[in-house]
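Okay, input.cif now, which holds mmCIF, C-alpha atoms and all ligand atoms:
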```
data_work
#
loop_
_atom_site.label_atom_id
_atom_site.label_comp_id
_atom_site.auth_asym_id
_atom_site.auth_seq_id
_atom_site.Cartn_x
_atom_site.Cartn_y
_atom_site.Cartn_z
CA MET A 1 -13.37 -1.60 12.81
CA ARG A 2 -15.48 0.91 10.88
CA HIS A 3 -13.05 2.42 8.32
CA LEU A 4 -9.50 1.83 7.10
CA LEU A 5 -7.94 5.25 6.72
CA SER A 6 -4.40 4.94 8.04
CA THR A 7 -2.05 2.25 9.28
CA ARG A 8 -1.41 4.56 12.23
CA ASP A 9 -4.81 3.54 13.58
CA LEU A 10 -3.96 -0.17 13.60
CA ASP A 11 -2.66 -1.76 16.76
CA ARG A 12 -0.48 -4.87 16.57
CA GLU A 13 -3.31 -7.27 17.32
CA THR A 14 -5.59 -5.85 14.61
CA ALA A 15 -2.78 -5.71 12.05
CA ILE A 16 -1.91 -9.37 12.67
CA GLU A 17 -5.58 -10.30 12.49
CA ILE A 18 -5.84 -8.67 9.04
CA LEU A 19 -2.73 -10.54 7.85
CA ASP A 20 -4.09 -13.81 9.21
CA VAL A 21 -7.49 -13.37 7.56
CA ALA A 22 -5.62 -12.57 4.32
CA GLU A 23 -3.85 -15.96 4.69
CA ASP A 24 -7.28 -17.59 4.74
CA MET A 25 -8.31 -15.56 1.70
CA ALA A 26 -5.14 -16.63 -0.13
CA ASP A 27 -6.15 -20.24 0.51
CA VAL A 28 -9.47 -19.51 -1.22
CA ALA A 29 -7.61 -18.12 -4.24
CA ILE A 30 -5.97 -21.47 -4.94
CA ARG A 31 -9.24 -23.43 -4.80
CA GLU A 32 -11.10 -24.30 -7.97
CA VAL A 33 -14.12 -22.32 -6.77
CA LYS A 34 -12.62 -18.99 -5.75
CA LYS A 35 -15.84 -17.35 -4.56
CA LEU A 36 -17.15 -16.99 -1.03
CA PRO A 37 -20.77 -15.95 -0.38
CA THR A 38 -19.75 -13.76 2.60
CA LEU A 39 -20.60 -10.31 1.24
CA ARG A 40 -23.65 -11.21 -0.83
CA ASN A 41 -26.07 -8.23 -0.89
CA LYS A 42 -23.31 -5.75 -0.02
CA THR A 43 -22.38 -2.99 -2.44
CA VAL A 44 -18.80 -1.77 -2.79
CA ILE A 45 -17.99 1.35 -4.77
CA ASN A 46 -14.52 1.99 -6.18
CA LEU A 47 -14.28 5.80 -6.20
CA PHE A 48 -11.06 6.66 -8.01
CA PHE A 49 -10.09 10.29 -8.59
CA GLU A 50 -6.51 9.27 -9.47
CA ASP A 51 -5.22 6.65 -11.88
CA SER A 52 -4.61 3.11 -10.71
CA THR A 53 -3.92 -0.30 -12.17
CA ARG A 54 -3.24 -2.61 -9.23
CA THR A 55 -5.30 -1.12 -6.41
CA ARG A 56 -8.52 -0.59 -8.35
CA THR A 57 -8.52 -3.96 -10.07
CA SER A 58 -7.53 -5.89 -6.95
CA PHE A 59 -10.27 -4.24 -4.89
CA GLU A 60 -12.65 -5.19 -7.71
CA LEU A 61 -11.48 -8.79 -7.74
CA ALA A 62 -11.56 -8.92 -3.93
CA ALA A 63 -15.15 -7.64 -3.75
CA LYS A 64 -16.26 -10.04 -6.47
CA ARG A 65 -14.57 -13.03 -4.83
CA LEU A 66 -16.59 -12.21 -1.70
CA SER A 67 -19.80 -12.00 -3.82
CA ALA A 68 -20.36 -8.28 -3.24
CA ASP A 69 -21.76 -6.05 -5.98
CA LEU A 70 -19.00 -3.77 -7.24
CA ILE A 71 -19.35 -0.46 -9.03
CA ASN A 72 -16.35 1.24 -10.59
CA PHE A 73 -16.53 5.00 -10.52
CA SER A 74 -13.66 7.00 -11.93
CA ALA A 75 -13.53 10.77 -11.93
CA LYS A 76 -12.68 10.74 -15.62
CA GLY A 77 -15.94 10.16 -17.44
CA SER A 78 -18.10 11.06 -14.40
CA SER A 79 -19.91 14.26 -13.45
CA VAL A 80 -16.85 15.24 -11.40
CA SER A 81 -15.50 16.56 -14.70
CA LYS A 82 -18.56 18.87 -14.77
CA GLY A 83 -17.53 20.27 -11.40
CA GLU A 84 -19.53 18.05 -9.03
CA SER A 85 -18.11 18.21 -5.51
CA LEU A 86 -16.93 15.34 -3.30
CA LYS A 87 -19.95 15.97 -1.08
CA ASP A 88 -22.49 15.70 -3.89
CA THR A 89 -20.67 12.69 -5.32
CA ALA A 90 -20.71 10.98 -1.92
CA GLN A 91 -24.38 11.74 -1.35
CA THR A 92 -25.22 10.37 -4.80
CA LEU A 93 -23.40 7.14 -3.95
CA ALA A 94 -25.14 7.01 -0.56
CA ALA A 95 -28.49 7.26 -2.31
CA MET A 96 -27.53 4.14 -4.26
CA GLY A 97 -26.95 2.25 -1.02
CA ALA A 98 -23.17 1.83 -0.90
CA ASP A 99 -21.92 -0.27 2.02
CA ALA A 100 -18.26 0.48 1.38
CA VAL A 101 -16.45 3.17 -0.56
CA VAL A 102 -12.87 2.56 -1.67
CA ILE A 103 -11.48 6.01 -2.38
CA ARG A 104 -8.29 7.19 -4.08
CA HIS A 105 -7.86 10.95 -4.21
CA SER A 106 -5.06 13.40 -4.90
CA ALA A 107 -5.93 15.37 -1.75
CA SER A 108 -4.32 14.06 1.43
CA GLY A 109 -7.13 13.60 3.96
CA ALA A 110 -10.01 13.15 1.47
CA PRO A 111 -10.92 9.66 2.85
CA ARG A 112 -10.96 11.06 6.41
CA VAL A 113 -13.27 13.89 5.28
CA LEU A 114 -15.62 11.33 3.78
CA ALA A 115 -15.53 9.17 6.91
CA ASP A 116 -16.18 12.09 9.26
CA SER A 117 -18.64 14.01 7.08
CA GLY A 118 -21.89 12.17 7.62
CA TRP A 119 -22.53 12.53 3.86
CA ILE A 120 -22.49 8.77 3.51
CA ASP A 121 -23.00 5.94 5.98
CA ALA A 122 -20.51 3.45 4.56
CA ALA A 123 -17.17 1.94 5.47
CA ILE A 124 -14.46 4.10 3.93
CA LEU A 125 -11.27 2.44 2.69
CA ASN A 126 -8.33 4.63 1.79
CA ALA A 127 -6.83 3.45 -1.51
CA GLY A 128 -4.21 6.23 -1.54
CA ASP A 129 -4.70 9.89 -0.63
CA GLY A 130 -2.20 12.40 -1.97
CA THR A 131 1.13 12.00 -0.23
CA HIS A 132 -0.52 10.85 2.98
CA GLU A 133 -1.27 7.10 3.19
CA HIS A 134 -1.95 3.90 1.27
CA PRO A 135 -2.82 1.46 4.06
CA THR A 136 -3.71 -1.62 2.01
CA GLN A 137 -0.37 -1.30 0.18
CA ALA A 138 1.50 -1.44 3.50
CA LEU A 139 -0.62 -4.37 4.66
CA LEU A 140 0.12 -6.31 1.47
CA ASP A 141 3.81 -5.45 1.81
CA ALA A 142 3.90 -6.72 5.41
CA PHE A 143 1.99 -9.82 4.32
CA THR A 144 4.53 -10.43 1.53
CA ILE A 145 7.52 -10.07 3.87
CA ARG A 146 5.97 -12.35 6.48
CA LYS A 147 5.05 -14.96 3.88
CA ARG A 148 8.55 -14.99 2.32
CA LEU A 149 10.13 -15.33 5.73
CA HIS A 150 7.80 -17.85 7.31
CA GLY A 151 5.81 -19.50 4.50
CA SER A 152 2.92 -21.60 5.76
CA ALA A 153 3.97 -20.91 9.37
CA SER A 154 3.16 -17.19 9.01
CA ARG A 155 -0.11 -17.04 10.92
CA GLY A 156 0.00 -15.16 14.19
CA ARG A 157 3.47 -13.75 13.60
CA ASP A 158 4.64 -10.16 13.67
CA LEU A 159 7.80 -8.80 12.00
CA ASP A 160 9.90 -8.49 15.10
CA GLY A 161 13.56 -7.83 14.26
CA VAL A 162 13.05 -7.74 10.48
CA ALA A 163 15.17 -5.03 8.80
CA VAL A 164 13.46 -3.13 5.99
CA THR A 165 15.16 -0.38 3.97
CA ILE A 166 12.91 2.00 2.02
CA VAL A 167 14.66 3.95 -0.72
CA GLY A 168 13.86 6.98 -2.83
CA ASP A 169 11.08 9.52 -3.06
CA ILE A 170 9.92 9.40 0.57
CA LEU A 171 8.70 13.00 0.35
CA HIS A 172 5.85 12.22 -2.03
CA SER A 173 5.24 8.60 -1.06
CA ARG A 174 2.07 7.55 0.73
CA VAL A 175 3.43 3.99 0.47
CA ALA A 176 6.45 4.95 2.58
CA ARG A 177 4.33 6.61 5.27
CA SER A 178 1.89 3.72 5.62
CA ASN A 179 4.79 1.27 5.68
CA VAL A 180 6.72 3.18 8.32
CA TRP A 181 3.78 3.14 10.76
CA LEU A 182 2.75 -0.46 10.11
CA LEU A 183 6.25 -1.97 10.05
CA ASN A 184 7.01 -0.18 13.30
CA THR A 185 3.82 -1.50 14.92
CA LEU A 186 4.77 -5.01 13.81
CA GLY A 187 8.26 -4.74 15.33
CA ALA A 188 10.37 -4.33 12.18
CA SER A 189 13.24 -1.85 12.06
CA VAL A 190 12.97 0.64 9.22
CA ARG A 191 15.75 2.56 7.53
CA LEU A 192 14.95 5.32 5.05
CA VAL A 193 17.55 6.12 2.40
CA ALA A 194 17.03 9.13 0.16
CA PRO A 195 18.53 12.36 -1.03
CA ALA A 196 17.91 15.07 1.58
CA THR A 197 15.66 16.88 -0.92
CA LEU A 198 13.29 13.89 -1.01
CA LEU A 199 12.83 13.55 2.75
CA PRO A 200 9.77 15.20 4.30
CA PRO A 201 10.03 17.86 6.99
CA GLY A 202 9.73 16.27 10.45
CA VAL A 203 11.11 12.89 9.31
CA GLU A 204 13.56 12.99 12.23
CA HIS A 205 10.57 12.34 14.52
CA TRP A 206 9.52 9.18 12.64
CA PRO A 207 10.40 5.79 14.16
CA VAL A 208 13.13 5.16 11.56
CA GLU A 209 16.86 5.35 11.01
CA LEU A 210 17.93 7.75 8.27
CA GLY A 211 20.66 7.12 5.73
CA PHE A 212 22.04 9.07 2.82
CA ASP A 213 24.18 6.42 1.14
CA LEU A 214 22.52 3.60 -0.77
CA ASP A 215 25.78 1.64 -1.04
CA ASP A 216 26.05 1.52 2.75
CA ALA A 217 22.42 0.47 2.99
CA VAL A 218 22.94 -2.33 0.46
CA ASP A 219 26.06 -3.57 2.26
CA ALA A 220 24.19 -3.57 5.59
CA GLY A 221 22.25 -6.58 4.23
CA PRO A 222 18.60 -5.77 5.00
CA ASP A 223 15.92 -8.48 4.92
CA ALA A 224 13.97 -6.37 2.42
CA ILE A 225 14.76 -3.36 0.29
CA MET A 226 11.76 -1.41 -0.97
CA MET A 227 12.41 0.84 -3.95
CA LEU A 228 9.93 3.70 -4.36
CA ARG A 229 8.79 5.23 -7.61
CA ILE A 230 9.95 8.74 -8.40
CA GLN A 231 6.58 10.53 -8.32
CA ALA A 232 7.19 12.91 -11.21
CA GLU A 233 3.51 13.91 -11.28
CA ARG A 234 3.81 15.37 -7.76
CA MET A 235 7.11 17.18 -8.38
CA HIS A 236 6.79 20.88 -9.10
CA ALA A 237 10.47 21.64 -8.65
CA ALA A 238 13.82 19.98 -9.37
CA TYR A 239 14.64 17.56 -6.55
CA PHE A 240 17.72 16.00 -8.19
CA PRO A 241 20.01 17.10 -11.04
CA SER A 242 18.93 14.54 -13.69
CA ALA A 243 17.43 11.07 -14.11
CA GLY A 244 20.91 9.68 -14.84
CA GLU A 245 22.31 11.21 -11.69
CA TYR A 246 19.40 9.88 -9.62
CA SER A 247 19.81 6.33 -10.87
CA ARG A 248 23.58 6.47 -10.32
CA GLN A 249 23.20 7.53 -6.71
CA TRP A 250 19.82 6.20 -5.63
CA GLY A 251 18.87 3.45 -8.06
CA LEU A 252 19.03 -0.29 -7.40
CA ASP A 253 21.16 -0.94 -10.49
CA ASP A 254 22.68 -4.30 -11.46
CA GLU A 255 25.88 -3.68 -9.56
CA ARG A 256 24.12 -2.87 -6.28
CA PHE A 257 21.67 -5.71 -6.85
CA ASN A 258 24.61 -8.14 -7.17
CA ARG A 259 25.95 -6.95 -3.83
CA LEU A 260 22.70 -7.53 -1.96
CA ARG A 261 22.41 -10.52 0.33
CA ALA A 262 21.18 -13.43 -1.80
CA ASP A 263 17.95 -13.63 0.22
CA THR A 264 17.17 -9.92 0.50
CA MET A 265 13.68 -9.32 -0.86
CA VAL A 266 13.53 -6.69 -3.60
CA MET A 267 10.21 -4.89 -3.27
CA HIS A 268 8.47 -2.18 -5.30
CA PRO A 269 4.81 -1.14 -4.98
CA GLY A 270 4.51 -0.49 -8.72
CA PRO A 271 4.26 1.07 -11.18
CA MET A 272 8.04 0.89 -11.72
CA ASN A 273 10.28 3.29 -13.60
CA ARG A 274 12.66 0.63 -14.88
CA GLY A 275 16.18 1.98 -15.27
CA LEU A 276 15.52 4.87 -12.90
CA GLU A 277 14.89 3.59 -9.35
CA ILE A 278 15.28 -0.11 -10.21
CA SER A 279 17.00 -2.12 -12.94
CA SER A 280 15.13 -4.75 -14.92
CA ARG A 281 17.52 -7.39 -13.67
CA ALA A 282 16.62 -6.58 -10.05
CA ALA A 283 12.89 -6.24 -10.79
CA ASP A 284 12.66 -9.54 -12.67
CA SER A 285 14.95 -11.57 -10.41
CA GLY A 286 13.95 -14.39 -8.09
CA GLN A 287 14.57 -12.01 -5.19
CA SER A 288 11.93 -9.63 -6.50
CA THR A 289 8.52 -9.77 -4.81
CA VAL A 290 6.87 -7.31 -7.19
CA LEU A 291 4.31 -9.72 -8.63
CA GLU A 292 3.81 -11.51 -5.32
CA GLN A 293 2.92 -8.11 -3.87
CA VAL A 294 0.25 -7.71 -6.55
CA ALA A 295 -1.19 -11.18 -5.94
CA ASN A 296 -1.13 -10.68 -2.16
CA GLY A 297 -2.97 -7.40 -2.66
CA VAL A 298 -6.11 -9.31 -3.61
CA SER A 299 -5.96 -11.39 -0.40
CA ILE A 300 -5.36 -8.32 1.76
CA ARG A 301 -8.23 -6.43 0.14
CA MET A 302 -10.53 -9.42 0.59
CA ALA A 303 -9.52 -9.49 4.25
CA VAL A 304 -10.20 -5.81 4.92
CA LEU A 305 -13.51 -5.81 3.02
CA TYR A 306 -14.56 -8.90 4.94
CA LEU A 307 -13.53 -7.48 8.32
CA LEU A 308 -15.15 -4.10 7.70
CA LEU A 309 -18.36 -5.28 6.11
CA SER A 310 -19.12 -8.39 8.10
CA GLY A 311 -18.53 -6.65 11.44
CA ALA A 312 -16.08 -9.44 12.27
CA VAL A 313 -13.68 -7.19 14.16
CA GLU A 314 -14.51 -5.53 17.44
CA GLN A 315 -15.67 -1.95 16.96
CA GLY A 316 -13.03 0.60 17.83
CA ARG A 317 -9.81 -1.39 17.42
CA ALA A 318 -9.17 0.66 14.31
CA SER A 319 -10.91 3.84 13.27
N1 LIG B 401 0.93 2.94 -6.77
C1 LIG B 401 1.42 3.49 -5.54
C2 LIG B 401 0.58 4.69 -5.14
O1 LIG B 401 -0.42 4.94 -5.77
C3 LIG B 401 2.86 3.83 -5.63
C4 LIG B 401 3.20 4.75 -6.76
O2 LIG B 401 2.32 5.16 -7.56
O3 LIG B 401 4.37 5.08 -6.83
O4 LIG B 401 0.91 5.32 -4.18
N1 LIG B 402 0.81 0.08 -5.94
C1 LIG B 402 -0.27 0.75 -6.41
O1 LIG B 402 -1.03 1.37 -5.67
O2 LIG B 402 -0.47 0.63 -7.76
P1 LIG B 402 -1.59 1.40 -8.62
O3 LIG B 402 -1.27 2.87 -8.53
O4 LIG B 402 -1.46 0.85 -9.98
O5 LIG B 402 -2.92 1.12 -7.97
#
```
What does this structure look like when you write it as structure tokens?
Amino acid sequence: MRHLLSTRDLDRETAIEILDVAEDMADVAIREVKKLPTLRNKTVINLFFEDSTRTRTSFELAAKRLSADLINFSAKGSSVSKGESLKDTAQTLAAMGADAVVIRHSASGAPRVLADSGWIDAAILNAGDGTHEHPTQALLDAFTIRKRLHGSASRGRDLDGVAVTIVGDILHSRVARSNVWLLNTLGASVRLVAPATLLPPGVEHWPVELGFDLDDAVDAGPDAIMMLRIQAERMHAAYFPSAGEYSRQWGLDDERFNRLRADTMVMHPGPMNRGLEISSRAADSGQSTVLEQVANGVSIRMAVLYLLLSGAVEQGRAS
């Protein structure tokens, strides 16, 4: 495995291997000494052209727990604001000897450009590119589902037969795309529920079932319901009449939350718009996995950094 650009590139065996290594990394996190020497002398650069709380800090923690050197580079406050291109930025980082670049960018495909360009000889990890993909988010979501379902007996398992419903702004969501591909590879069945205006063109060819009624989806009793953030920053038109109307029709409000199966996991990648796509009661309930998802993100990011930088996975199983 050279780069992690898309969950589409992961076969079942590789995906399960990443989840299993993340289990080992989670075991490290509960030890008194949380550091492993594995990536000593490796340099990881966090290259963030878009804002982030969870992904940037958890990659930082992951790299540090593996003893790598970590440099945080954000477009704000860098020479990008003086007009420096991605190419010149990448070549500058290459000159500093980066072994891995974790990139978040508003342009879909930017991590692939970096990986294919030859500007930098480093492992490229996609930390979210435009509306395209967010592979480590999907991996941490799959990890969270598997762990809630199987606890300490999770290792080696896929998600065969698990029903996951993803609700909301699918059109702009890289989280939804990465989850659809990965959950499908792992054997889960995925239902997307959204207003027609927030479904992407071509969605009928995705390996999913489509629904347009959240009440039906709630009553169907999924194993997990994943509420997506309304991505206001990517909306340049009106996709629904008003926030109130959206939350009435598409929000996991208290009433719908009460009707969910008592063991349905309530997921959200964060950041949440409380009161819009999810109520505080649902988000803060025992069924919510929101903070588990964040904690599991560190283990997943340790796993992918370890697998990419230590050469522990066969070349070519993921691109
Ligand atoms: N944080 C996730 C992302 O960057 C989800 C979101 O922002 O809605 O894609
Ligand atoms: N879920 C997620 O990617 O969060 P951030 O945007 O805060 O990194």
- Item | Env. residues ligand LIG 402 (chain B) / 7 Å / all atoms listed in the file / as a list of chain:residue names | A:Asp51, A:Ser52, A:Thr53, A:Arg54, A:Thr55, A:Arg56, A:Gln137, A:Pro269, A:Gly270, A:Pro271
Go through chain A and flag each residue having an atom no more than 9 Å from ligand LIG 401 (chain B); for those, report the closest pair of atoms plus their distance in Å to one decimal, using all atoms listed in the file, ordered by chain and rising number, as JSON lines.
```
{"residue": "A:Glu50", "atom": "CA", "partner": "B:LIG401", "partner_atom": "O1", "distance": 8.3}
{"residue": "A:Asp51", "atom": "CA", "partner": "B:LIG401", "partner_atom": "O1", "distance": 8.0}
{"residue": "A:Ser52", "atom": "CA", "partner": "B:LIG401", "partner_atom": "O1", "distance": 6.7}
{"residue": "A:Thr53", "atom": "CA", "partner": "B:LIG401", "partner_atom": "N1", "distance": 7.9}
{"residue": "A:Arg54", "atom": "CA", "partner": "B:LIG401", "partner_atom": "N1", "distance": 7.4}
{"residue": "A:Thr55", "atom": "CA", "partner": "B:LIG401", "partner_atom": "N1", "distance": 7.4}
{"residue": "A:Arg104", "atom": "CA", "partner": "B:LIG401", "partner_atom": "O1", "distance": 8.4}
{"residue": "A:Ala127", "atom": "CA", "partner": "B:LIG401", "partner_atom": "O1", "distance": 7.8}
{"residue": "A:Gly128", "atom": "CA", "partner": "B:LIG401", "partner_atom": "O1", "distance": 5.8}
{"residue": "A:Asp129", "atom": "CA", "partner": "B:LIG401", "partner_atom": "O4", "distance": 8.1}
{"residue": "A:Gly130", "atom": "CA", "partner": "B:LIG401", "partner_atom": "O4", "distance": 8.0}
{"residue": "A:Thr131", "atom": "CA", "partner": "B:LIG401", "partner_atom": "O4", "distance": 7.8}
{"residue": "A:Glu133", "atom": "CA", "partner": "B:LIG401", "partner_atom": "O4", "distance": 7.9}
{"residue": "A:His134", "atom": "CA", "partner": "B:LIG401", "partner_atom": "O4", "distance": 6.3}
{"residue": "A:Gln137", "atom": "CA", "partner": "B:LIG401", "partner_atom": "C1", "distance": 7.7}
{"residue": "A:Asp169", "atom": "CA", "partner": "B:LIG401", "partner_atom": "O3", "distance": 8.9}
{"residue": "A:His172", "atom": "CA", "partner": "B:LIG401", "partner_atom": "O3", "distance": 8.7}
{"residue": "A:Ser173", "atom": "CA", "partner": "B:LIG401", "partner_atom": "O4", "distance": 6.3}
{"residue": "A:Arg174", "atom": "CA", "partner": "B:LIG401", "partner_atom": "O4", "distance": 5.5}
{"residue": "A:Val175", "atom": "CA", "partner": "B:LIG401", "partner_atom": "O4", "distance": 5.5}
{"residue": "A:Ala176", "atom": "CA", "partner": "B:LIG401", "partner_atom": "O4", "distance": 8.7}
{"residue": "A:Leu228", "atom": "CA", "partner": "B:LIG401", "partner_atom": "O3", "distance": 6.2}
{"residue": "A:Arg229", "atom": "CA", "partner": "B:LIG401", "partner_atom": "O3", "distance": 4.5}
{"residue": "A:Ile230", "atom": "CA", "partner": "B:LIG401", "partner_atom": "O3", "distance": 6.9}
{"residue": "A:Gln231", "atom": "CA", "partner": "B:LIG401", "partner_atom": "O3", "distance": 6.1}
{"residue": "A:His268", "atom": "CA", "partner": "B:LIG401", "partner_atom": "C3", "distance": 8.2}
{"residue": "A:Pro269", "atom": "CA", "partner": "B:LIG401", "partner_atom": "C3", "distance": 5.4}
{"residue": "A:Gly270", "atom": "CA", "partner": "B:LIG401", "partner_atom": "N1", "distance": 5.3}
{"residue": "A:Pro271", "atom": "CA", "partner": "B:LIG401", "partner_atom": "O2", "distance": 5.8}
{"residue": "A:Met272", "atom": "CA", "partner": "B:LIG401", "partner_atom": "O3", "distance": 7.4}
```
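Between CA of Glu277 (chain A) and CA of Ser247 (chain A) lies a distance of 5.8 Å.
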- Task: Rank nothing, just name the residue among A:Val101, A:Ala283, A:Ala95, A:Val33 nearest to Leu47 (chain A), using all atoms listed in the file.
- Result: A:Val101
Using all atoms of region 14-20 of chain A that appear in the file, construct an axis-aligned enclosing box with 8 Å of padding on every side and provide its centre coordinates and edge lengths in Å, rounded to one decimal, as lines of an AutoDock Vina configuration file.
```
center_x = -3.9
center_y = -9.8
center_z = 11.2
size_x = 19.9
size_y = 24.1
size_z = 22.8
```
- Task: Please provide the set of residues having any atom within 12 Å of Asp121 (chain A), restricted to all atoms listed in the file, with same-chain residues fewer than 6 positions apart removed, written as an MDAnalysis selection string.
- Result: chainID A and resid 2:3 90:101 114:115
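The protein and nucleic acid residues lying at most 7 Å from region 38-45 of chain A are Ala63, Leu66, Ser67, Ala68, Asp69, Leu70, Ile71, Asn72, Phe73, Ala98, Asp99, Ala100, Val101 and Val102 of chain A, with only C-alpha atoms considered and sequence neighbours fewer than 3 positions away removed.
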- Task: Between A:Ser299, A:Ile18, A:Gln293, A:Val80, single out the one closest to Ile30 (chain A), counting all atoms listed in the file.
- Result: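 The answer is A:Ser299, which sits nearest to Ile30 (chain A).
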- Write out as a ChimeraX atom specification each polymer residue whose atoms come within 8 Å of Arg12 (chain A), counting only C-alpha atoms; drop sequence neighbours fewer than 5 positions from it. /A:158,185-186
- Message: Report as a list in words all protein, DNA and RNA residues lying within 9 Å of Phe143 (chain A), evaluated on only C-alpha atoms, omitting residues in the same chain fewer than 6 positions from it.
- Response: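 Contacts, with the query itself left out: Leu19, Asp20, Ala22, Glu23, Ser154, Gln293, Asn296, Gly297 and Ile300 of chain A.
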- Ser279 (chain A): which residues within 8 Å, counting all atoms listed in the file, same-chain residues fewer than 6 positions away excluded, as number ranges by chain? A: 251-254
- Check the smallest atom-to-atom distance from each of A:Gly311, A:Ile170, A:Phe257, A:Ile278 to Tyr239 (chain A) using all atoms listed in the file, then report the winner.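 Closest to Tyr239 (chain A), using all atoms listed in the file: A:Ile170.
Candidate residues A:Leu308, A:Ser58, A:Phe49, A:Pro195 were compared for distance to Phe212 (chain A), and the nearest is A:Pro195, using all atoms listed in the file.
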Rebuild region 92-98 of chain A to all heavy atoms - output it as an mmCIF file, keeping the file's coordinate frame, please.
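Generated file (part24.cif):
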```
data_model
loop_
_atom_site.group_PDB
_atom_site.id
_atom_site.type_symbol
_atom_site.label_atom_id
_atom_site.label_comp_id
_atom_site.auth_asym_id
_atom_site.auth_seq_id
_atom_site.Cartn_x
_atom_site.Cartn_y
_atom_site.Cartn_z
ATOM 1 N N THR A 92 -24.629 11.129 -3.676
ATOM 2 C CA THR A 92 -25.220 10.370 -4.800
ATOM 3 C C THR A 92 -24.969 8.876 -4.598
ATOM 4 O O THR A 92 -25.865 8.045 -4.764
ATOM 5 C CB THR A 92 -24.596 10.854 -6.133
ATOM 6 O OG1 THR A 92 -24.845 12.254 -6.240
ATOM 7 C CG2 THR A 92 -25.168 10.125 -7.328
ATOM 8 N N LEU A 93 -23.729 8.545 -4.178
ATOM 9 C CA LEU A 93 -23.400 7.140 -3.950
ATOM 10 C C LEU A 93 -24.181 6.586 -2.759
ATOM 11 O O LEU A 93 -24.620 5.432 -2.765
ATOM 12 C CB LEU A 93 -21.889 6.972 -3.727
ATOM 13 C CG LEU A 93 -20.992 7.473 -4.869
ATOM 14 C CD1 LEU A 93 -19.528 7.264 -4.527
ATOM 15 C CD2 LEU A 93 -21.336 6.768 -6.181
ATOM 16 N N ALA A 94 -24.372 7.430 -1.734
ATOM 17 C CA ALA A 94 -25.140 7.010 -0.560
ATOM 18 C C ALA A 94 -26.572 6.668 -0.968
ATOM 19 O O ALA A 94 -27.160 5.686 -0.504
ATOM 20 C CB ALA A 94 -25.132 8.114 0.500
ATOM 21 N N ALA A 95 -27.110 7.485 -1.871
ATOM 22 C CA ALA A 95 -28.490 7.260 -2.310
ATOM 23 C C ALA A 95 -28.626 5.925 -3.057
ATOM 24 O O ALA A 95 -29.701 5.358 -3.152
ATOM 25 C CB ALA A 95 -28.942 8.411 -3.203
ATOM 26 N N MET A 96 -27.497 5.437 -3.567
ATOM 27 C CA MET A 96 -27.530 4.140 -4.260
ATOM 28 C C MET A 96 -27.289 2.975 -3.297
ATOM 29 O O MET A 96 -27.280 1.829 -3.709
ATOM 30 C CB MET A 96 -26.439 4.104 -5.346
ATOM 31 C CG MET A 96 -26.705 5.030 -6.492
ATOM 32 S SD MET A 96 -25.332 4.911 -7.659
ATOM 33 C CE MET A 96 -25.539 6.430 -8.548
ATOM 34 N N GLY A 97 -27.073 3.299 -2.024
ATOM 35 C CA GLY A 97 -26.950 2.250 -1.020
ATOM 36 C C GLY A 97 -25.592 1.598 -0.924
ATOM 37 O O GLY A 97 -25.496 0.386 -0.739
ATOM 38 N N ALA A 98 -24.522 2.400 -1.019
ATOM 39 C CA ALA A 98 -23.170 1.830 -0.900
ATOM 40 C C ALA A 98 -22.885 1.379 0.534
ATOM 41 O O ALA A 98 -23.180 2.107 1.482
ATOM 42 C CB ALA A 98 -22.136 2.872 -1.318
#
```
